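Engineer: Structure file input_2.cif (mmCIF, C-alpha atoms and all ligand atoms) is given on the next line.
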data_run
loop_
_atom_site.label_atom_id
_atom_site.label_comp_id
_atom_site.auth_asym_id
_atom_site.auth_seq_id
_atom_site.Cartn_x
_atom_site.Cartn_y
_atom_site.Cartn_z
CA MET U 1 -13.03 7.05 21.22
CA ILE U 2 -11.59 3.81 19.91
CA GLY U 3 -13.60 0.64 20.26
CA ILE U 4 -14.01 -2.73 18.67
CA HIS U 5 -16.33 -1.26 16.03
CA THR U 6 -13.83 1.40 14.90
CA LYS U 7 -12.79 1.00 11.27
CA ILE U 8 -9.11 0.53 10.47
CA GLU U 9 -9.21 3.22 7.76
CA ASP U 10 -10.59 5.77 10.24
CA LEU U 11 -7.70 5.08 12.61
CA VAL U 12 -5.18 5.66 9.82
CA LYS U 13 -6.95 8.82 8.66
CA ALA U 14 -6.92 10.21 12.19
CA ASP U 15 -3.32 9.26 12.98
CA THR U 16 -0.85 8.41 10.24
CA ASN U 17 1.46 6.71 12.74
CA MET U 18 -1.03 3.88 12.59
CA ILE U 19 0.40 2.98 9.18
CA VAL U 20 3.63 1.95 10.90
CA PHE U 21 1.66 0.07 13.56
CA PHE U 22 -0.47 -1.86 11.06
CA ASN U 23 2.55 -2.68 8.88
CA LYS U 24 4.25 -4.13 11.95
CA GLU U 25 1.11 -6.04 12.88
CA LYS U 26 0.86 -7.28 9.27
CA THR U 27 -2.63 -5.86 9.05
CA ASP U 28 -3.96 -4.74 5.70
CA PHE U 29 -5.03 -1.13 6.22
CA CYS U 30 -5.43 -0.20 2.54
CA CYS U 31 -7.69 -2.62 0.63
CA ASN U 32 -9.28 -3.92 3.84
CA GLY U 33 -9.45 -0.56 5.60
CA HIS U 34 -13.21 -0.92 5.94
CA MET U 35 -12.73 -3.76 8.44
CA THR U 36 -13.39 -3.03 12.11
CA VAL U 37 -10.95 -3.70 14.94
CA GLU U 38 -13.16 -6.61 15.97
CA GLU U 39 -13.05 -8.15 12.48
CA VAL U 40 -9.26 -7.80 12.31
CA ALA U 41 -8.89 -9.36 15.77
CA LYS U 42 -11.09 -12.26 14.71
CA GLU U 43 -8.97 -12.83 11.63
CA LYS U 44 -5.81 -12.78 13.76
CA ASN U 45 -7.43 -15.00 16.37
CA ILE U 46 -6.82 -12.55 19.21
CA ASP U 47 -9.05 -10.83 21.76
CA PRO U 48 -10.46 -7.61 20.21
CA ILE U 49 -10.13 -5.78 23.53
CA ILE U 50 -6.40 -6.53 23.59
CA LEU U 51 -6.10 -5.14 20.07
CA VAL U 52 -8.01 -1.99 21.07
CA ARG U 53 -5.57 -1.53 23.99
CA LYS U 54 -2.56 -2.00 21.73
CA ILE U 55 -3.92 0.59 19.29
CA GLN U 56 -4.66 3.02 22.12
CA ASP U 57 -1.14 2.55 23.54
CA ARG U 58 0.33 3.23 20.14
CA ILE U 59 -1.70 6.41 19.72
CA ASP U 60 -0.73 7.56 23.21
CA THR U 61 3.00 7.02 22.66
CA GLY U 62 3.05 8.30 19.06
CA ASN U 63 6.09 8.31 16.81
CA SER U 64 7.31 11.69 15.66
CA LYS U 65 9.80 10.29 13.16
CA ALA U 66 7.13 8.36 11.29
CA LYS U 67 4.86 11.36 11.39
CA GLU U 68 7.42 13.42 9.53
CA ILE U 69 7.76 10.82 6.82
CA ILE U 70 4.14 9.86 6.34
CA ASP U 71 1.71 12.70 6.40
CA LEU U 72 -1.81 12.22 5.19
CA TYR U 73 -3.17 15.29 6.89
CA ASP U 74 -2.33 17.66 4.06
CA PHE U 75 -3.45 15.14 1.44
CA LYS U 76 -6.94 14.89 2.92
CA GLU U 77 -7.44 18.62 2.45
CA LEU U 78 -6.54 18.68 -1.26
CA ARG U 79 -9.02 18.92 -4.13
CA ILE U 80 -9.28 15.92 -6.48
CA GLY U 81 -7.04 17.48 -9.14
CA GLU U 82 -4.39 18.28 -6.53
CA MET U 83 -4.68 14.78 -5.08
CA ILE U 84 -4.04 13.29 -8.52
CA ASP U 85 -0.96 15.49 -9.02
CA SER U 86 0.34 14.53 -5.61
CA ILE U 87 -0.16 10.80 -6.26
CA LEU U 88 1.60 10.98 -9.62
CA ILE U 89 4.65 12.67 -8.11
CA ASP U 90 4.81 11.05 -4.68
CA HIS U 91 3.87 7.50 -5.63
CA HIS U 92 3.71 6.67 -9.36
CA LYS U 93 7.13 8.16 -10.07
CA LYS U 94 8.69 6.81 -6.89
CA GLU U 95 7.34 3.29 -7.40
CA ARG U 96 8.30 3.19 -11.09
CA ASP U 97 11.85 4.19 -10.08
CA LEU U 98 11.94 1.52 -7.38
CA LEU U 99 10.64 -1.19 -9.75
CA PHE U 100 13.30 -0.18 -12.27
CA GLU U 101 16.03 -0.32 -9.62
CA ILE U 102 14.95 -3.59 -7.99
CA ASP U 103 14.52 -5.57 -11.23
CA PRO U 104 18.24 -6.04 -12.16
CA LEU U 105 19.26 -6.35 -8.51
CA LEU U 106 16.86 -9.22 -7.96
CA ASN U 107 18.15 -10.90 -11.09
CA LYS U 108 21.71 -10.46 -9.81
CA ILE U 109 21.11 -11.95 -6.34
CA LEU U 110 19.14 -14.81 -7.90
CA SER U 111 22.19 -15.72 -9.90
CA VAL U 112 24.80 -15.17 -7.15
CA HIS U 113 22.84 -16.86 -4.34
CA PHE U 114 21.13 -19.53 -6.39
CA ALA U 115 23.03 -22.42 -4.81
CA ARG U 116 21.85 -21.70 -1.25
CA HIS U 117 18.68 -19.63 -1.68
CA GLY U 118 17.52 -20.54 -5.18
CA GLU U 119 14.10 -21.80 -4.17
CA GLU U 120 13.04 -18.65 -2.29
CA LEU U 121 14.66 -16.30 -4.77
CA MET U 122 13.06 -18.01 -7.78
CA LYS U 123 9.62 -17.56 -6.19
CA LEU U 124 10.43 -13.97 -5.24
CA HIS U 125 11.70 -13.22 -8.74
CA SER U 126 8.45 -14.52 -10.20
CA LEU U 127 6.21 -12.67 -7.71
CA PHE U 128 8.12 -9.45 -8.30
CA ALA U 129 7.62 -9.83 -12.07
CA ASP U 130 3.88 -10.24 -11.45
CA LEU U 131 3.79 -7.18 -9.20
CA LYS U 132 5.79 -5.07 -11.65
CA LYS U 133 3.43 -5.93 -14.48
CA GLU U 134 0.36 -5.32 -12.33
CA LEU U 135 1.55 -1.94 -11.04
CA GLU U 136 2.91 -0.61 -14.33
CA GLU U 137 -0.27 -1.45 -16.20
CA HIS U 138 -2.38 -0.07 -13.35
CA PHE U 139 -0.50 3.26 -13.31
CA VAL U 140 -1.08 3.71 -17.04
CA LYS U 141 -4.80 2.95 -16.66
CA GLU U 142 -5.05 5.59 -13.94
CA GLU U 143 -3.01 8.18 -15.81
CA GLU U 144 -4.49 7.68 -19.27
CA ILE U 145 -8.11 6.74 -18.56
CA THR U 146 -9.55 7.03 -15.07
CA PHE U 147 -7.86 10.11 -13.59
CA PRO U 148 -8.70 12.26 -16.67
CA LEU U 149 -12.27 10.93 -16.51
CA MET U 150 -12.50 11.86 -12.84
CA LEU U 151 -11.33 15.37 -13.64
CA GLU U 152 -13.68 15.82 -16.59
CA ASN U 153 -16.87 14.42 -15.10
CA GLU U 154 -19.05 16.98 -13.43
CA SER U 155 -21.49 14.33 -12.29
CA LEU U 156 -20.88 10.74 -11.36
CA SER U 157 -21.52 8.78 -14.53
CA ARG U 158 -21.87 5.03 -14.55
CA GLU U 159 -18.77 4.84 -16.76
CA VAL U 160 -16.49 6.64 -14.35
CA ILE U 161 -17.79 4.75 -11.32
CA LYS U 162 -17.08 1.49 -13.14
CA LYS U 163 -13.55 2.64 -13.94
CA VAL U 164 -12.91 3.54 -10.30
CA GLU U 165 -14.18 0.12 -9.23
CA GLU U 166 -11.80 -1.52 -11.70
CA LEU U 167 -8.91 0.33 -10.06
CA GLU U 168 -10.02 -0.92 -6.65
CA THR U 169 -9.98 -4.48 -7.99
CA ASP U 170 -6.46 -3.91 -9.35
CA HIS U 171 -5.41 -2.72 -5.89
CA GLU U 172 -6.65 -5.96 -4.37
CA GLU U 173 -4.73 -7.97 -6.95
CA ALA U 174 -1.52 -6.04 -6.25
CA GLU U 175 -2.03 -6.52 -2.53
CA ASP U 176 -2.51 -10.27 -2.96
CA ILE U 177 0.88 -10.48 -4.69
CA ILE U 178 2.45 -8.30 -1.99
CA LYS U 179 1.03 -10.54 0.74
CA GLU U 180 2.69 -13.54 -0.93
CA ILE U 181 6.00 -11.65 -1.05
CA ILE U 182 5.71 -10.74 2.63
CA GLU U 183 4.93 -14.31 3.59
CA LEU U 184 7.73 -15.72 1.46
CA THR U 185 10.36 -13.35 2.90
CA ASP U 186 8.87 -13.18 6.41
CA TRP U 187 8.67 -9.39 6.01
CA PHE U 188 11.94 -8.91 4.10
CA LYS U 189 14.25 -10.84 6.42
CA VAL U 190 17.56 -11.63 4.73
CA PRO U 191 19.52 -14.84 5.38
CA LYS U 192 22.68 -14.74 7.52
CA ASP U 193 24.95 -15.10 4.50
CA ALA U 194 23.28 -12.27 2.58
CA CYS U 195 25.65 -9.95 0.74
CA ARG U 196 25.26 -6.18 0.49
CA SER U 197 23.27 -6.45 -2.76
CA TYR U 198 20.90 -8.94 -1.15
CA ILE U 199 20.28 -6.60 1.81
CA HIS U 200 19.90 -3.58 -0.47
CA THR U 201 17.40 -5.41 -2.71
CA PHE U 202 15.27 -6.43 0.27
CA ASP U 203 15.43 -2.90 1.70
CA LEU U 204 14.20 -1.50 -1.62
CA LEU U 205 11.46 -4.11 -1.84
CA GLU U 206 10.29 -3.15 1.65
CA GLU U 207 10.34 0.52 0.69
CA LEU U 208 8.27 -0.27 -2.41
CA VAL U 209 5.69 -2.30 -0.50
CA LYS U 210 5.27 0.34 2.22
CA ASP U 211 4.83 3.01 -0.42
CA VAL U 212 2.24 0.96 -2.31
CA PHE U 213 0.25 0.51 0.92
CA VAL U 214 0.12 4.27 1.56
CA HIS U 215 -0.59 4.92 -2.12
CA ILE U 216 -3.54 2.52 -2.19
CA PHE U 217 -4.86 3.89 1.08
CA LYS U 218 -4.80 7.44 -0.29
CA GLU U 219 -6.66 6.37 -3.42
CA ASN U 220 -9.20 3.95 -1.93
CA SER U 221 -10.00 5.55 1.40
CA ILE U 222 -9.50 9.24 0.69
CA MET U 223 -9.56 10.20 -2.99
CA PHE U 224 -12.14 7.76 -4.35
CA GLU U 225 -14.29 8.29 -1.27
CA LYS U 226 -14.17 12.05 -1.78
CA PHE U 227 -14.96 11.60 -5.48
CA ARG U 228 -17.95 9.39 -4.74
CA ASN U 229 -19.21 11.99 -2.29
CA LYS U 230 -19.12 14.55 -5.11
CA GLU U 231 -16.78 16.82 -3.17
CA ARG U 232 -14.39 17.13 -6.05
CA LYS U 233 -14.87 20.77 -6.87
FE FE W 301 -2.12 5.29 -8.28
FE FE W 302 -4.19 2.85 -7.86
#
What is this file in structure tokens?
Ligand SMILES: [Fe+2]
Ligand SMILES: [Fe+2]

Structural biologist:
Amino acid sequence: MIGIHTKIEDLVKADTNMIVFFNKEKTDFCCNGHMTVEEVAKEKNIDPIILVRKIQDRIDTGNSKAKEIIDLYDFKELRIGEMIDSILIDHHKKERDLLFEIDPLLNKILSVHFARHGEELMKLHSLFADLKKELEEHFVKEEEITFPLMLENESLSREVIKKVEELETDHEEAEDIIKEIIELTDWFKVPKDACRSYIHTFDLLEELVKDVFVHIFKENSIMFEKFRNKERK
């Protein structure tokens, strides 16, 4: 039963189509997944009952296409080691590839469209550089330090808990940059005179951001939660 006290992360865990809904609503379901429907409504300055109804409508109508693409159900059932493998393949590799592909494209459209869209593209170029640095360094920390520690530790040591908390802080920092990108581009809207490269770059950026949201949700709300509950064996 959904109500104003339902947590956003529980809605996403129960129905992955909610990821599409919350992206559309510009609601942060990954780092702020612990927020209730009422808290989100308050932040958005809307009636919480109306938001509950919108969520219920969305669940009732569903979206089979999105369900095929985004499936957390299998992920939730994995053991910690399998979750880590899945994250490395499905998200770290994918996002590294996207960052690598977007970087020169963004540089190209900055140069070609500088006369008309220089101000926005300069800011975007700078925010993307910040995000790239943040994510690449974060992935290495996970792969080289924290994930191996999580696999090795039989009991929850203070050291490993601290490392997991550091990752959660990194996630918030990445999300802050992403929020600025979303605001700057009004959710990846291209100008009327955008060329094919411009459109392609924004499409890739959107793909990257959506993937990071799911990635962070899997880590924060499923894997780290499972690890803290000592269910990792
Ligand atoms: Fe990760
Ligand atoms: Fe992470």

Engineer: Looking at all atoms listed in the file, which of U:Lys54, U:Val20, U:Asp130, U:Glu39 is the one that sits closest to Ala174 in chain U?

Structural biologist: U:Asp130

Engineer: Each residue of chain U with at least one atom at most 8 Å from ligand FE 301 (chain W) should appear once, together with its nearest atom pair and the corresponding distance in Å (one decimal); atoms considered: all atoms listed in the file; ordering: chain, then increasing residue number; output as a tab-separated table.

Structural biologist:
residue	atom	partner	partner_atom	distance
U:Ile87	CA	W:FE301	FE	6.2
U:Leu88	CA	W:FE301	FE	6.9
U:His91	CA	W:FE301	FE	6.9
U:His92	CA	W:FE301	FE	6.1
U:His138	CA	W:FE301	FE	7.4
U:Phe139	CA	W:FE301	FE	5.7
U:Glu142	CA	W:FE301	FE	6.4
U:His215	CA	W:FE301	FE	6.4
U:Ile216	CA	W:FE301	FE	6.8
U:Glu219	CA	W:FE301	FE	6.7

Engineer: Could you list, as number ranges by chain, all the residues within 12 Å of ligand FE 302 (chain W), counting only C-alpha atoms and all ligand atoms?

Structural biologist: U: 30-31, 84, 87-88, 91-92, 95, 134-143, 146-147, 163-175, 211-224

Engineer: Report, in Å to a single decimal, how far apart CA of Asp15 in chain U and CA of Glu82 in chain U are.

Structural biologist: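 Computing it gives 21.5 Å between the two atoms.
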
Engineer: For a quick check of understanding, using only C-alpha atoms, which of U:Asp57, U:Leu78, U:Met1, U:Thr6 has the smallest distance to Phe21 in chain U?

Structural biologist: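 Closest candidate: U:Asp57.
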